[in-house]
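Trainee: What follows is final-v5.txt, compact mmCIF, C-alpha atoms and all ligand atoms.
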```txt
# COMPACT_ATOMS: atom_id res chain seq x y z
CA MET R 1 -21.38 -7.40 -13.28
CA LEU R 2 -18.83 -4.72 -12.62
CA CYS R 3 -18.69 -2.19 -15.38
CA VAL R 4 -16.10 0.55 -15.54
CA LEU R 5 -16.91 3.40 -17.85
CA PHE R 6 -14.16 5.14 -19.73
CA GLY R 7 -14.47 8.33 -21.67
CA THR R 8 -11.97 9.79 -24.04
CA LEU R 9 -10.70 13.31 -23.88
CA ALA R 10 -8.11 14.55 -26.33
CA GLY R 11 -7.00 10.97 -26.87
CA ALA R 12 -6.67 10.20 -23.13
CA GLN R 13 -8.91 7.71 -21.35
CA VAL R 14 -10.62 8.93 -18.19
CA ASN R 15 -11.90 6.50 -15.58
CA VAL R 16 -14.71 8.67 -14.23
CA LYS R 17 -15.67 6.21 -11.50
CA ALA R 18 -12.20 6.43 -9.99
CA ILE R 19 -12.53 10.14 -9.33
CA SER R 20 -13.22 11.08 -5.72
CA VAL R 21 -12.52 13.77 -3.12
CA ALA R 22 -9.94 13.21 -0.40
CA SER R 23 -9.82 15.24 2.81
CA SER R 24 -6.73 15.68 4.98
CA THR R 25 -8.92 14.92 7.99
CA LYS R 26 -12.40 13.62 8.72
CA ALA R 27 -12.77 15.87 11.77
CA VAL R 28 -12.34 19.63 11.56
CA ARG R 29 -12.22 21.73 14.69
CA VAL R 30 -14.30 24.90 14.68
CA GLY R 31 -11.97 27.76 13.76
CA SER R 32 -9.59 25.59 11.70
CA THR R 33 -9.26 24.27 8.16
CA ALA R 34 -8.75 21.04 6.25
CA SER R 35 -7.30 20.56 2.80
CA LEU R 36 -9.26 18.79 0.08
CA HIS R 37 -8.21 17.51 -3.28
CA VAL R 38 -9.70 15.60 -6.17
CA GLU R 39 -7.91 12.36 -6.93
CA PRO R 40 -6.39 10.40 -8.57
CA ALA R 41 -4.20 12.95 -10.29
CA ALA R 42 -3.77 10.59 -13.25
CA GLU R 43 -7.44 11.00 -14.17
CA LEU R 44 -7.39 14.79 -14.01
CA THR R 45 -6.76 15.80 -17.56
CA ALA R 46 -6.04 19.38 -18.55
CA GLY R 47 -8.97 21.72 -19.05
CA LEU R 48 -11.17 20.50 -16.19
CA THR R 49 -12.94 22.99 -13.98
CA PHE R 50 -13.95 22.47 -10.36
CA GLN R 51 -16.91 24.12 -8.70
CA TRP R 52 -16.79 23.54 -4.95
CA SER R 53 -19.41 24.16 -2.32
CA ALA R 54 -20.03 23.30 1.33
CA GLN R 55 -23.40 23.14 3.03
CA ARG R 56 -22.26 24.98 6.15
CA GLY R 57 -18.56 25.86 6.08
CA LEU R 58 -16.48 27.80 3.58
CA ILE R 59 -14.36 26.74 0.63
CA LEU R 60 -11.14 28.68 0.16
CA GLY R 61 -9.23 28.64 -3.10
CA SER R 62 -10.05 27.02 -6.43
CA GLY R 63 -8.99 24.22 -8.74
CA SER R 64 -8.53 20.58 -7.75
CA ASN R 65 -6.90 21.50 -4.40
CA VAL R 66 -8.83 23.72 -2.00
CA SER R 67 -9.22 24.34 1.72
CA TYR R 68 -12.33 23.83 3.80
CA SER R 69 -12.83 26.23 6.69
CA ALA R 70 -15.07 25.71 9.72
CA PRO R 71 -15.47 29.32 10.86
CA SER R 72 -15.82 30.07 14.55
CA GLY R 73 -19.49 30.15 15.40
CA LEU R 74 -20.29 27.11 13.24
CA ASN R 75 -22.29 24.54 15.18
CA PRO R 76 -20.71 21.11 15.59
CA GLY R 77 -21.99 18.32 13.36
CA PHE R 78 -21.51 16.92 9.90
CA ASP R 79 -20.88 19.05 6.84
CA VAL R 80 -21.18 17.90 3.26
CA ILE R 81 -18.74 19.26 0.71
CA SER R 82 -19.33 18.79 -2.98
CA VAL R 83 -17.46 19.50 -6.17
CA VAL R 84 -18.80 19.54 -9.71
CA ILE R 85 -16.09 18.60 -12.17
CA SER R 86 -16.72 19.89 -15.67
CA GLY R 87 -14.87 19.26 -18.88
CA LEU R 88 -15.03 15.47 -18.77
CA PRO R 89 -15.91 13.71 -22.05
CA ASP R 90 -19.28 12.44 -20.84
CA GLY R 91 -20.36 15.59 -19.03
CA PRO R 92 -19.90 16.93 -15.53
CA VAL R 93 -19.72 14.69 -12.47
CA LYS R 94 -20.36 15.54 -8.85
CA ARG R 95 -18.35 14.16 -5.95
CA TYR R 96 -18.77 14.51 -2.21
CA ALA R 97 -16.76 14.49 0.99
CA VAL R 98 -18.17 14.53 4.52
CA VAL R 99 -16.35 16.04 7.47
CA PHE R 100 -17.30 16.21 11.12
CA VAL R 101 -17.08 19.68 12.62
CA TYR R 102 -16.35 19.69 16.35
CA LYS R 103 -15.42 21.95 19.22
CA GLN R 104 -14.05 19.40 21.67
CA PHE R 105 -13.89 15.63 21.84
CA VAL R 106 -14.55 14.16 25.25
CA VAL R 107 -13.70 10.61 26.29
CA LEU R 108 -15.69 9.30 29.25
CA LYS R 109 -13.23 6.69 30.47
CA ALA R 110 -14.41 4.15 33.02
CA ASP R 111 -11.94 1.55 34.28
CA ASP R 112 -12.19 -1.92 35.77
CA TYR R 113 -15.16 -3.45 34.01
CA VAL R 114 -14.18 -6.71 35.59
CA CYS R 115 -16.08 -7.93 37.65
CA TRP R 116 -15.21 -10.75 39.97
CA ASP R 117 -18.90 -10.95 40.74
CA TYR R 118 -19.52 -10.39 37.05
CA LEU R 119 -22.56 -8.26 36.26
CA ALA R 120 -22.36 -5.64 39.00
CA PRO R 121 -25.53 -3.53 39.22
CA GLU R 122 -23.45 -0.35 39.15
CA TRP R 123 -22.00 -1.21 35.74
CA LYS R 124 -25.39 -2.17 34.34
CA TYR R 125 -26.86 1.08 35.63
CA TYR R 126 -24.01 3.13 34.17
CA LEU R 127 -23.97 1.53 30.73
CA GLU R 128 -27.74 1.50 30.34
CA TYR R 129 -28.10 5.06 31.62
CA MET R 130 -25.53 6.29 29.11
CA ALA R 131 -27.23 4.48 26.22
CA GLN R 132 -30.63 5.86 27.22
CA ARG R 133 -29.19 9.38 27.25
CA HIS R 134 -27.44 8.76 23.91
CA ILE R 135 -24.04 9.45 25.46
CA LYS R 136 -21.05 7.40 24.40
CA THR R 137 -18.60 6.05 26.93
CA SER R 138 -15.70 3.66 27.13
CA ALA R 139 -15.04 0.86 29.59
CA GLY R 140 -11.73 -0.83 30.32
CA ILE R 141 -12.20 -4.56 30.61
CA VAL R 142 -9.90 -6.86 32.54
CA ALA R 143 -9.78 -9.63 30.01
CA GLN R 144 -9.01 -12.57 32.26
CA CYS R 145 -12.59 -12.66 33.49
CA THR R 146 -13.67 -13.78 30.04
CA GLU R 147 -11.34 -16.79 30.00
CA PRO R 148 -13.39 -19.73 28.69
CA SER R 149 -12.00 -21.87 31.51
CA TRP R 150 -13.86 -19.62 33.96
CA ASN R 151 -17.22 -20.46 32.46
CA ASP R 152 -18.33 -22.48 35.45
CA LEU R 153 -18.33 -19.35 37.63
CA PRO R 154 -21.80 -18.03 38.42
CA GLY R 155 -22.64 -15.16 36.11
CA TYR R 156 -19.95 -15.87 33.52
CA ALA R 157 -22.29 -16.62 30.63
CA ASP R 158 -24.56 -13.65 31.39
CA PHE R 159 -21.55 -11.35 31.67
CA VAL R 160 -20.17 -12.42 28.30
CA GLN R 161 -23.53 -12.09 26.59
CA TYR R 162 -24.27 -8.74 28.24
CA THR R 163 -20.90 -7.38 27.20
CA LYS R 164 -21.48 -8.46 23.60
CA ASP R 165 -24.94 -6.91 23.61
CA GLN R 166 -23.67 -3.65 25.07
CA SER R 167 -20.90 -3.46 22.50
CA LYS R 168 -23.47 -3.79 19.73
CA THR R 169 -25.35 -0.70 20.98
CA ARG R 170 -22.28 1.34 19.90
CA TYR R 171 -22.73 3.49 23.01
CA VAL R 172 -19.81 1.85 24.78
CA GLU R 173 -16.38 0.99 23.52
CA PHE R 174 -14.65 -1.72 25.50
CA TRP R 175 -10.88 -1.37 25.66
CA ASN R 176 -7.95 -3.45 26.85
CA HIS R 177 -7.27 -2.77 30.53
CA GLY R 178 -4.79 -5.59 30.90
CA TYR R 179 -5.08 -9.32 31.25
CA ASP R 180 -5.33 -9.75 35.03
CA HIS R 181 -4.97 -6.22 36.48
CA SER R 182 -2.28 -7.46 38.83
CA LEU R 183 -0.07 -4.93 40.58
CA ASN R 184 2.69 -3.83 38.19
CA GLU R 185 1.26 -5.95 35.38
CA PHE R 186 3.12 -3.71 32.91
CA VAL R 187 5.94 -2.44 35.13
CA GLY R 188 9.29 -4.22 35.46
CA LYS R 189 8.08 -7.36 33.70
CA THR R 190 9.98 -8.97 30.85
CA TYR R 191 9.12 -8.33 27.23
CA ALA R 192 7.74 -11.89 26.92
CA VAL R 193 5.43 -11.50 29.92
CA GLN R 194 4.14 -8.09 28.87
CA LYS R 195 3.60 -9.19 25.30
CA SER R 196 1.69 -12.27 26.35
CA HIS R 197 -0.55 -10.25 28.69
CA LEU R 198 -1.36 -7.68 26.04
CA ASP R 199 -1.86 -10.26 23.31
CA GLN R 200 -3.88 -12.63 25.50
CA ALA R 201 -6.26 -9.80 26.36
CA GLN R 202 -6.61 -8.96 22.67
CA ALA R 203 -7.24 -12.61 21.81
CA LEU R 204 -9.91 -13.00 24.49
CA GLY R 205 -11.66 -9.89 23.24
CA ARG R 206 -11.67 -11.24 19.72
CA ASN R 207 -12.43 -14.89 20.45
CA VAL R 208 -14.86 -14.65 23.37
CA LEU R 209 -16.53 -11.27 22.87
CA GLY R 210 -16.09 -10.78 19.13
CA ILE R 211 -14.51 -7.39 19.85
CA THR R 212 -11.17 -6.11 18.59
CA PHE R 213 -9.92 -3.71 21.25
CA THR R 214 -8.38 -0.66 19.64
CA ALA R 215 -7.53 1.22 22.84
CA PHE R 216 -5.37 0.35 25.83
CA ASP R 217 -4.58 1.65 29.29
CA ALA R 218 -2.42 -0.33 31.69
CA PRO R 219 -3.81 -1.20 35.12
CA PHE R 220 -3.14 1.61 37.63
CA ASN R 221 -2.16 3.68 34.54
CA GLU R 222 1.41 2.47 34.99
CA ASN R 223 3.82 1.13 32.43
CA ASP R 224 7.50 1.09 31.56
CA ALA R 225 9.61 1.31 28.40
CA THR R 226 9.05 -2.37 27.58
CA THR R 227 5.31 -1.68 27.42
CA VAL R 228 5.94 1.05 24.86
CA GLN R 229 7.67 -1.50 22.63
CA VAL R 230 4.96 -4.13 23.15
CA VAL R 231 2.11 -1.70 22.43
CA ASN R 232 3.92 -0.27 19.40
CA GLU R 233 4.18 -3.78 17.97
CA ASN R 234 0.45 -4.44 18.35
CA THR R 235 -1.31 -3.61 15.12
CA ASP R 236 -4.85 -3.51 16.62
CA ILE R 237 -4.19 -0.88 19.28
CA ALA R 238 -4.54 2.65 17.91
CA VAL R 239 -5.05 4.68 21.08
CA TRP R 240 -3.19 4.54 24.38
CA MET R 241 -4.66 6.36 27.34
CA TYR R 242 -2.26 7.72 29.96
CA ALA R 243 0.89 6.23 28.44
CA GLN R 244 3.99 6.86 30.54
CA GLY R 245 7.34 7.71 28.97
CA THR R 246 8.15 8.46 25.36
CA GLY R 247 8.40 6.60 22.08
CA SER R 248 4.81 5.49 21.58
CA THR R 249 3.71 5.39 17.96
CA LYS R 250 0.04 5.33 19.04
CA LEU R 251 -2.33 8.22 19.61
CA VAL R 252 -1.55 8.95 23.25
CA LEU R 253 -4.28 10.62 25.32
CA SER R 254 -2.77 12.18 28.41
CA ARG R 255 -4.46 12.69 31.74
CA ASP R 256 -5.28 16.38 31.79
CA GLY R 257 -8.80 16.55 30.46
CA GLY R 258 -10.31 16.92 33.91
CA GLU R 259 -11.07 14.41 36.65
CA ILE R 260 -14.73 13.56 37.16
CA GLU R 261 -14.25 12.05 40.61
CA SER R 262 -13.00 13.83 43.74
CA SER R 263 -12.08 10.36 44.96
CA THR R 264 -12.77 6.96 43.44
CA GLY R 265 -16.51 6.52 42.94
CA VAL R 266 -17.41 10.10 43.98
CA PRO R 267 -18.35 12.32 41.02
CA SER R 268 -17.78 16.02 41.64
CA TRP R 269 -18.58 18.95 39.35
CA SER R 270 -16.25 21.31 41.20
CA THR R 271 -13.34 18.86 40.90
CA PHE R 272 -14.03 18.48 37.19
CA SER R 273 -14.41 22.18 36.39
CA ALA R 274 -11.28 23.06 38.39
CA GLY R 275 -9.09 20.60 36.50
CA MET R 276 -10.55 20.66 32.99
CA GLN R 277 -8.18 21.94 30.32
CA PRO R 278 -9.93 21.78 26.96
CA ARG R 279 -6.77 21.87 24.91
CA HIS R 280 -6.85 18.44 23.33
CA PRO R 281 -7.75 18.17 19.65
ZN ZN T 301 -7.89 -0.37 36.69
```
Can you give me the file's structure in the form of structure tokens?
Ligand SMILES: [Zn+2]
Mentor:
Amino acid sequence: MLCVLFGTLAGAQVNVKAISVASSTKAVRVGSTASLHVEPAAELTAGLTFQWSAQRGLILGSGSNVSYSAPSGLNPGFDVISVVISGLPDGPVKRYAVVFVYKQFVVLKADDYVCWDYLAPEWKYYLEYMAQRHIKTSAGIVAQCTEPSWNDLPGYADFVQYTKDQSKTRYVEFWNHGYDHSLNEFVGKTYAVQKSHLDQAQALGRNVLGITFTAFDAPFNENDATTVQVVNENTDIAVWMYAQGTGSTKLVLSRDGGEIESSTGVPSWSTFSAGMQPRHP
């Protein structure tokens, strides 16, 4: 049974269970701040007092709206912020917010998890190595290879099952790398063609793998203005890596975080360190 407790203060009813803390962001970069407030405002009657604290960072200000600061020198990780609200009819209540303090987010982006020969040993090695080292990565899948009509190809069933199992480890995020990875799949094609390729890939992810792709990068990292419209219209996609042009309403991650490979398939520390620009949030 759901029971909502109401107290009365100066004739006003207070729904204590509705009171919570909202943060302007869940991720706070070391050296920056976030704003916090107690909500909903309708439940905050006059005369309440707010005693804030944070396990690791600093609280600036007072009252129902304060700032949280992650001072430089703070180690990355979670921080728990709490507020004791006094003056309520049935005594004080304590509420919490959790933020993630970080220095730099890194996306390890691996493209072309296809594979025409399905489970390539290199992909298995990569994904399993990353999981064993507790490092998260992302892999761009070419969705056509999961078409149910391809299920008579050797390795199809194992590939589908392996991909599902890997996704469940939460160490890899599979993303939409196009339907067929054809040349110019998202360049110079009509709206209808581009929309069907994007949507078909999303549908295969959902229906065959049980995965809703929330990130996209076009094959060869190339797209045109029609793609911007098609991606904007897709409500599942939240992140677009290497989008070309302007007008995207998604979180666009551009290609200046540093290249890991000196050429395709050849990892190189010197190439990476020379090109890395840690300026992304
Ligand atoms: Zn590719």
Trainee: Between R:Ser62, R:Ser23, R:Asn176, R:Gln161, which is the closest to ligand ZN 301 (chain T) once you count only C-alpha atoms and all ligand atoms?
Mentor: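 The answer is R:Asn176, which sits nearest to ligand ZN 301 (chain T).
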Trainee: Considering all atoms listed in the file, return as a ChimeraX atom specification whatever protein or nucleic-acid residues lie within 10 Å of segment 52-57 of chain R, sequence-local ones (same chain, fewer than 6 positions apart) excluded.
Mentor: /R:30,33,63-64,66,68-72,74-75,77-85,94-98,101
Trainee: Calculate how many Å separate atom CA of Val38 of chain R from atom CA of Leu60 of chain R, rounding to one decimal.
Mentor: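 We find that atom CA of Val38 of chain R and atom CA of Leu60 of chain R lie 14.6 Å from each other.
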Trainee: Could you name the residues that touch Gln144 of chain R at 9 Å or less, counting all atoms listed in the file, but leaving out those on the same chain fewer than 4 positions away, as a PyMOL selection string?
Mentor: chain R and resi 114+150+178-181+200-201+204
Trainee: Which is closest to ligand ZN 301 (chain T) among R:Gly188, R:Gly155, R:Pro219, R:Gly265, if we use only C-alpha atoms and all ligand atoms?
Mentor: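 Smallest separation from ligand ZN 301 (chain T) among the options: R:Pro219.
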Trainee: Any chance you could tabulate, as CSV, the residues of chain R at most 6 Å from ligand ZN 301 (chain T) with each one's nearest atom pair and distance in Å to one decimal, using only C-alpha atoms and all ligand atoms, in chain and rising number order?
Mentor:
```
residue,atom,partner,partner_atom,distance
R:Asp111,CA,T:ZN301,ZN,5.1
R:Asp112,CA,T:ZN301,ZN,4.7
R:Pro219,CA,T:ZN301,ZN,4.4
R:Phe220,CA,T:ZN301,ZN,5.2
```
Trainee: Could you check which of R:Tyr191, R:Gly210, R:Thr146, R:Ser263 is closest to Lys168 of chain R, using all atoms listed in the file?
Mentor: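 The shortest atom-to-atom distance to Lys168 of chain R comes from R:Gly210.
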Trainee: Kindly indicate which residue among R:Thr214, R:Leu198, R:Val208, R:Leu88 lies nearest to Ala157 of chain R, using all atoms listed in the file for the distances.
Mentor: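 Residue with the minimum atom-to-atom distance to Ala157 of chain R: R:Val208.
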Trainee: Model the absent atoms of segment 97-119 of chain R so that N, CA and C atoms are present, and write the result as a short mmCIF file (atom, residue, chain, number, x, y, z; two decimals), in the frame of the given file.
Mentor:
```
data_model
loop_
_atom_site.label_atom_id
_atom_site.label_comp_id
_atom_site.auth_asym_id
_atom_site.auth_seq_id
_atom_site.Cartn_x
_atom_site.Cartn_y
_atom_site.Cartn_z
N ALA R 97 -17.54 14.89 -0.18
CA ALA R 97 -16.76 14.49 0.99
C ALA R 97 -17.55 14.95 2.22
N VAL R 98 -17.47 14.17 3.28
CA VAL R 98 -18.17 14.53 4.52
C VAL R 98 -17.13 14.72 5.61
N VAL R 99 -17.25 15.82 6.33
CA VAL R 99 -16.35 16.04 7.47
C VAL R 99 -17.21 16.25 8.72
N PHE R 100 -16.62 15.99 9.85
CA PHE R 100 -17.30 16.21 11.12
C PHE R 100 -16.69 17.43 11.79
N VAL R 101 -17.53 18.43 11.99
CA VAL R 101 -17.08 19.68 12.62
C VAL R 101 -17.29 19.55 14.13
N TYR R 102 -16.24 19.88 14.90
CA TYR R 102 -16.35 19.69 16.35
C TYR R 102 -15.68 20.84 17.09
N LYS R 103 -16.09 20.99 18.34
CA LYS R 103 -15.42 21.95 19.22
C LYS R 103 -14.44 21.24 20.15
N GLN R 104 -14.87 20.10 20.68
CA GLN R 104 -14.05 19.40 21.67
C GLN R 104 -14.50 17.95 21.74
N PHE R 105 -13.57 17.04 21.61
CA PHE R 105 -13.89 15.63 21.84
C PHE R 105 -13.72 15.33 23.32
N VAL R 106 -14.63 14.55 23.84
CA VAL R 106 -14.55 14.16 25.25
C VAL R 106 -14.60 12.64 25.32
N VAL R 107 -13.68 12.06 26.07
CA VAL R 107 -13.70 10.61 26.29
C VAL R 107 -14.13 10.37 27.73
N LEU R 108 -15.26 9.70 27.91
CA LEU R 108 -15.69 9.30 29.25
C LEU R 108 -15.10 7.91 29.50
N LYS R 109 -14.04 7.89 30.29
CA LYS R 109 -13.23 6.69 30.47
C LYS R 109 -13.56 6.06 31.81
N ALA R 110 -14.08 4.86 31.78
CA ALA R 110 -14.41 4.15 33.02
C ALA R 110 -13.57 2.87 33.07
N ASP R 111 -12.87 2.68 34.17
CA ASP R 111 -11.94 1.55 34.28
C ASP R 111 -12.56 0.39 35.07
N ASP R 112 -11.93 -0.76 34.91
CA ASP R 112 -12.19 -1.92 35.77
C ASP R 112 -13.57 -2.53 35.58
N TYR R 113 -13.95 -2.67 34.31
CA TYR R 113 -15.16 -3.45 34.01
C TYR R 113 -14.74 -4.90 34.17
N VAL R 114 -14.78 -5.40 35.38
CA VAL R 114 -14.18 -6.71 35.59
C VAL R 114 -15.22 -7.81 35.42
N CYS R 115 -16.05 -8.12 36.22
CA CYS R 115 -16.08 -7.93 37.65
C CYS R 115 -16.01 -9.31 38.26
N TRP R 116 -15.39 -9.41 39.39
CA TRP R 116 -15.21 -10.75 39.97
C TRP R 116 -16.57 -11.34 40.30
N ASP R 117 -17.54 -10.44 40.57
CA ASP R 117 -18.90 -10.95 40.74
C ASP R 117 -19.69 -10.73 39.44
N TYR R 118 -18.95 -10.59 38.37
CA TYR R 118 -19.52 -10.39 37.05
C TYR R 118 -20.49 -9.22 37.00
N LEU R 119 -21.73 -9.41 36.58
CA LEU R 119 -22.56 -8.26 36.26
C LEU R 119 -22.94 -7.43 37.49
#
```
